[in-house]
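Structure record follows, encoded as structure tokens.
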Amino acid sequence: MNVEKILSMVDHTLLAQGATWEEIRGIIDDGIKYRCASVCIPASYVKRAAEYADGRVKICTVIGFPNGYSTTEAKCFEAADAVKNGADEVDMVINIGYLKDGLYDELLDEINRIKASCDGKLLKVIIETCLLTDEEKVKMCEIVSASDADFIKTSTGFSKAGATKEDINLFSEHMTNGKKIKAAGGISSLEDAEDFIALGAERLGTSRIVKIVKNAGGNENGGY
């Protein structure tokens with residue numbers, strides 16, 4: 001797979017707590033230069049980022065992040081506020097406690113309410129796979145497949161581990177209704193990226209792939 005194709009599936013990400021505008025602007029510049037799918041940044045920077053990017057790259061942000069246990073009302077407000085400020089895509093974190101308590105209807109309702117708050121924008125559902133059993137992962141595949149969301153996503157990158165190839169393979173076996181898969185966290189090489197894509201991921205949440213291409217001397221179009 002060529003590098004341009006991989007880059008076109010990357011959500012170029014900077015979500016560190018101490019991220020500055022200068023760093024966010026650099027992420028946006030790289031996302032534009034390397035034609036990434038989006039740049040994924042903190043919600044507090046969305047308005048400024050959207051104005052700066054001016055449609056040259058999609059702006060993604062996160063809500064209920066990274067723990068997922070905010071109230072549904074708070075998450076809906078975050079989503080609506082992000083979209084109002086110019087977000088093209090929203091990545092939400094589920095209430096993991098709800099899943100472990102078996103509150104499946106509540107989880108589905110929350111996802112659908114947040115999607116409604118996104119006003120037609122793309123919604124990705126982060127389930128934090130490293131904290132779940134395989135049975136819980138399969139249940140979340142069923143819930144997200146039945147929901148109005150667009151993607152299931154492995155990880156926040158802020159817990160014990162990120163995406164694994166085993167989890168992407170499991171998602172591919174259980175996701176239905178045209179819902180897509182995003183692998184995030186721990187994608188550290190072009191080979192990793194290719195493997196995740198081959199297993200079924202259509203988005204990659206990572207800060208490393210663009211850095212690898214830059215360090216290898218990628219040109220203005222994102223190639224070698």
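Residue names in the structure tokens use chain letters A, B, ... in the order shown, residue numbers from 1 in each chain, and ligand numbers from 1 in the order shown.
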Name all residues at most 12 Å from Asp81 (chain A) (count only C-alpha atoms; drop same-chain ones fewer than 3 positions away) and give them as an mmCIF file with N, CA and C atoms, in the first residue's frame.
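Ended up saving to out_32.cif:
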```cif
data_model
loop_
_atom_site.group_PDB
_atom_site.id
_atom_site.type_symbol
_atom_site.label_atom_id
_atom_site.label_comp_id
_atom_site.auth_asym_id
_atom_site.auth_seq_id
_atom_site.Cartn_x
_atom_site.Cartn_y
_atom_site.Cartn_z
ATOM 1 N N ALA A 43 -11.041 19.938 22.314
ATOM 2 C CA ALA A 43 -12.216 20.732 21.959
ATOM 3 C C ALA A 43 -11.997 22.228 22.142
ATOM 4 N N SER A 44 -11.166 22.610 23.106
ATOM 5 C CA SER A 44 -10.938 24.036 23.369
ATOM 6 C C SER A 44 -10.266 24.750 22.203
ATOM 7 N N TYR A 45 -9.661 24.000 21.303
ATOM 8 C CA TYR A 45 -8.977 24.602 20.157
ATOM 9 C C TYR A 45 -9.784 24.510 18.858
ATOM 10 N N VAL A 46 -10.959 23.888 18.909
ATOM 11 C CA VAL A 46 -11.682 23.609 17.662
ATOM 12 C C VAL A 46 -12.016 24.878 16.892
ATOM 13 N N LYS A 47 -12.565 25.880 17.548
ATOM 14 C CA LYS A 47 -12.982 27.091 16.825
ATOM 15 C C LYS A 47 -11.794 27.743 16.132
ATOM 16 N N THR A 61 -12.582 16.257 17.052
ATOM 17 C CA THR A 61 -12.305 16.460 18.475
ATOM 18 C C THR A 61 -12.914 15.332 19.290
ATOM 19 N N VAL A 62 -12.637 15.359 20.599
ATOM 20 C CA VAL A 62 -13.074 14.288 21.498
ATOM 21 C C VAL A 62 -13.990 14.855 22.575
ATOM 22 N N ILE A 63 -14.961 14.029 22.999
ATOM 23 C CA ILE A 63 -15.866 14.435 24.075
ATOM 24 C C ILE A 63 -15.998 13.302 25.082
ATOM 25 N N ALA A 74 -24.137 16.125 29.531
ATOM 26 C CA ALA A 74 -22.870 16.847 29.375
ATOM 27 C C ALA A 74 -22.197 16.481 28.059
ATOM 28 N N LYS A 75 -22.225 15.214 27.713
ATOM 29 C CA LYS A 75 -21.613 14.791 26.452
ATOM 30 C C LYS A 75 -22.356 15.390 25.253
ATOM 31 N N CYS A 76 -23.670 15.429 25.341
ATOM 32 C CA CYS A 76 -24.448 16.030 24.250
ATOM 33 C C CYS A 76 -24.107 17.505 24.089
ATOM 34 N N PHE A 77 -23.970 18.208 25.211
ATOM 35 C CA PHE A 77 -23.586 19.612 25.132
ATOM 36 C C PHE A 77 -22.206 19.746 24.491
ATOM 37 N N GLU A 78 -21.250 18.907 24.918
ATOM 38 C CA GLU A 78 -19.902 18.958 24.346
ATOM 39 C C GLU A 78 -19.942 18.747 22.840
ATOM 40 N N LYS A 84 -20.769 23.337 16.677
ATOM 41 C CA LYS A 84 -21.017 24.775 16.515
ATOM 42 C C LYS A 84 -19.717 25.526 16.274
ATOM 43 N N ASN A 85 -18.649 25.060 16.918
ATOM 44 C CA ASN A 85 -17.350 25.720 16.788
ATOM 45 C C ASN A 85 -16.592 25.312 15.531
ATOM 46 N N GLY A 86 -17.123 24.338 14.775
ATOM 47 C CA GLY A 86 -16.505 23.989 13.507
ATOM 48 C C GLY A 86 -15.983 22.578 13.382
ATOM 49 N N ALA A 87 -16.250 21.714 14.360
ATOM 50 C CA ALA A 87 -15.785 20.322 14.256
ATOM 51 C C ALA A 87 -16.528 19.599 13.140
ATOM 52 N N ASP A 88 -15.783 18.850 12.346
ATOM 53 C CA ASP A 88 -16.359 18.016 11.292
ATOM 54 C C ASP A 88 -16.630 16.603 11.780
ATOM 55 N N VAL A 90 -16.588 13.952 15.530
ATOM 56 C CA VAL A 90 -16.577 13.877 16.985
ATOM 57 C C VAL A 90 -16.285 12.441 17.410
ATOM 58 N N ILE A 114 -26.078 11.512 21.413
ATOM 59 C CA ILE A 114 -24.884 12.276 21.050
ATOM 60 C C ILE A 114 -24.808 12.454 19.537
ATOM 61 N N SER A 117 -26.890 15.184 18.528
ATOM 62 C CA SER A 117 -26.285 16.468 18.889
ATOM 63 C C SER A 117 -25.181 16.886 17.925
ATOM 64 N N CYS A 118 -24.704 15.934 17.128
ATOM 65 C CA CYS A 118 -23.633 16.225 16.172
ATOM 66 C C CYS A 118 -24.139 16.873 14.883
ATOM 67 N N ASP A 119 -25.449 17.001 14.749
ATOM 68 C CA ASP A 119 -26.039 17.724 13.616
ATOM 69 C C ASP A 119 -25.516 17.211 12.276
#
```
Practice problem: Within 12 Å of Lys5 (chain A), counting only C-alpha atoms, which residues show up once you throw out same-chain ones fewer than 5 positions away? Write them as a ChimeraX atom specification, please. | Solution: /A:10,34-37,190,193-194,197,202-204,209,221-223
Practice problem: Among the residues of region 99-187 of chain A, find those DSSP assigns to alpha helix (DSSP H) from the backbone and print them as a PyMOL selection string. | Solution: chain A and resi 99-100+104-117+134-146+165-174
If you count only C-alpha atoms, which residues fall within 7 Å of region 159-166 of chain A, apart from same-chain ones fewer than 5 positions away, as a compact mmCIF listing (two decimals) with N, CA and C atoms, in the first residue's frame?
```txt
# COMPACT_ATOMS: atom_id res chain seq x y z
N CYS A 130 -8.86 -2.00 25.98
CA CYS A 130 -7.93 -2.57 26.97
C CYS A 130 -8.59 -2.80 28.33
N THR A 154 -11.18 1.86 18.91
CA THR A 154 -10.61 1.01 19.96
C THR A 154 -10.34 1.75 21.25
N ALA A 183 -8.80 2.27 14.43
CA ALA A 183 -7.78 1.80 15.36
C ALA A 183 -7.01 3.00 15.87
N ALA A 184 -6.79 3.06 17.19
CA ALA A 184 -6.12 4.23 17.76
C ALA A 184 -5.25 3.80 18.93
N GLY A 185 -4.08 4.43 19.02
CA GLY A 185 -3.18 4.16 20.13
C GLY A 185 -2.19 3.06 19.81
N GLY A 186 -0.91 3.40 19.87
CA GLY A 186 0.13 2.39 19.71
C GLY A 186 0.48 2.03 18.28
N PHE A 196 -3.17 -2.95 10.26
CA PHE A 196 -4.48 -2.57 10.78
C PHE A 196 -5.48 -2.34 9.64
```
Self-check item: Contacts of Glu89 (chain A) within 6 Å, only C-alpha atoms, excl. fewer than 2 positions in-chain, as a VMD selection string
Solution: chain A and resid 60 87 121 to 122
Quiz prompt | Non-local contacts of Val144 (chain A) (9 Å; only C-alpha atoms; under 3 positions in same chain excluded) as a VMD selection string | solution = chain A and resid 108 111 125 139 to 141 147 to 152 175 to 176 179
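For the residues A:Val93, A:Val83, A:Leu7, A:Leu132, ranking by smallest atom-to-atom distance to Phe65 (chain A) using only C-alpha atoms places A:Val93 first.
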Quiz item: When distances are computed from only C-alpha atoms, which of A:Gly55, A:Pro66, A:Gly157, A:Gly26 shows the smallest separation from Lys211 (chain A)?
Solution: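 Of all the options, A:Gly26 lies closest to Lys211 (chain A).
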Quiz prompt | For CA of Leu199 (chain A) and CA of Asn169 (chain A), the interatomic separation in Å (one decimal) | solution = 5.7 Å
Exercise. Name the residues in contact with Gly18 (chain A) at a cut-off of 12 Å, using only C-alpha atoms, excluding same-chain residues fewer than 5 positions from it; report them as a list in words.
Key: Glu23, Ile24, Ile41, Pro42 and Ser44 of chain A
Practice problem: Using DSSP on the backbone coordinates, identify all residues within region 7-214 of chain A classified as strand (DSSP E or B); present the result as a PyMOL selection string. | Solution: chain A and resi 10-13+38-41+58-63+89-93+122-126+151-153+180-184+203-206
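Candidate residues A:Met92, A:Glu51, A:Glu4, A:Val57 were compared for distance to Asp30 (chain A), and the nearest is A:Val57, using only C-alpha atoms.
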Quiz prompt | Of the listed residues A:Glu136, A:Val39, A:Leu170, A:Ala19, that which approaches Tyr98 (chain A) most closely, counting only C-alpha atoms | solution = A:Glu136
Quiz item: Smallest atom-to-atom distance to Ile32 (chain A): which of A:Leu131, A:Val138, A:Val3, A:Val210, using only C-alpha atoms?
Solution: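 Selected residue with least distance to Ile32 (chain A): A:Val210.
Between Ser189 (chain A) and the residues A:Ile212, A:Ala146, A:Ala201, A:Ala16, the shortest atom-to-atom distance, using only C-alpha atoms, involves A:Ile212.
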Quiz item: Expressed in Å to a single decimal, how great is the separation between CA of Lys58 (chain A) and CA of Ser155 (chain A)?
Solution: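 Rounded to one decimal, the two atoms are 20.3 Å apart.
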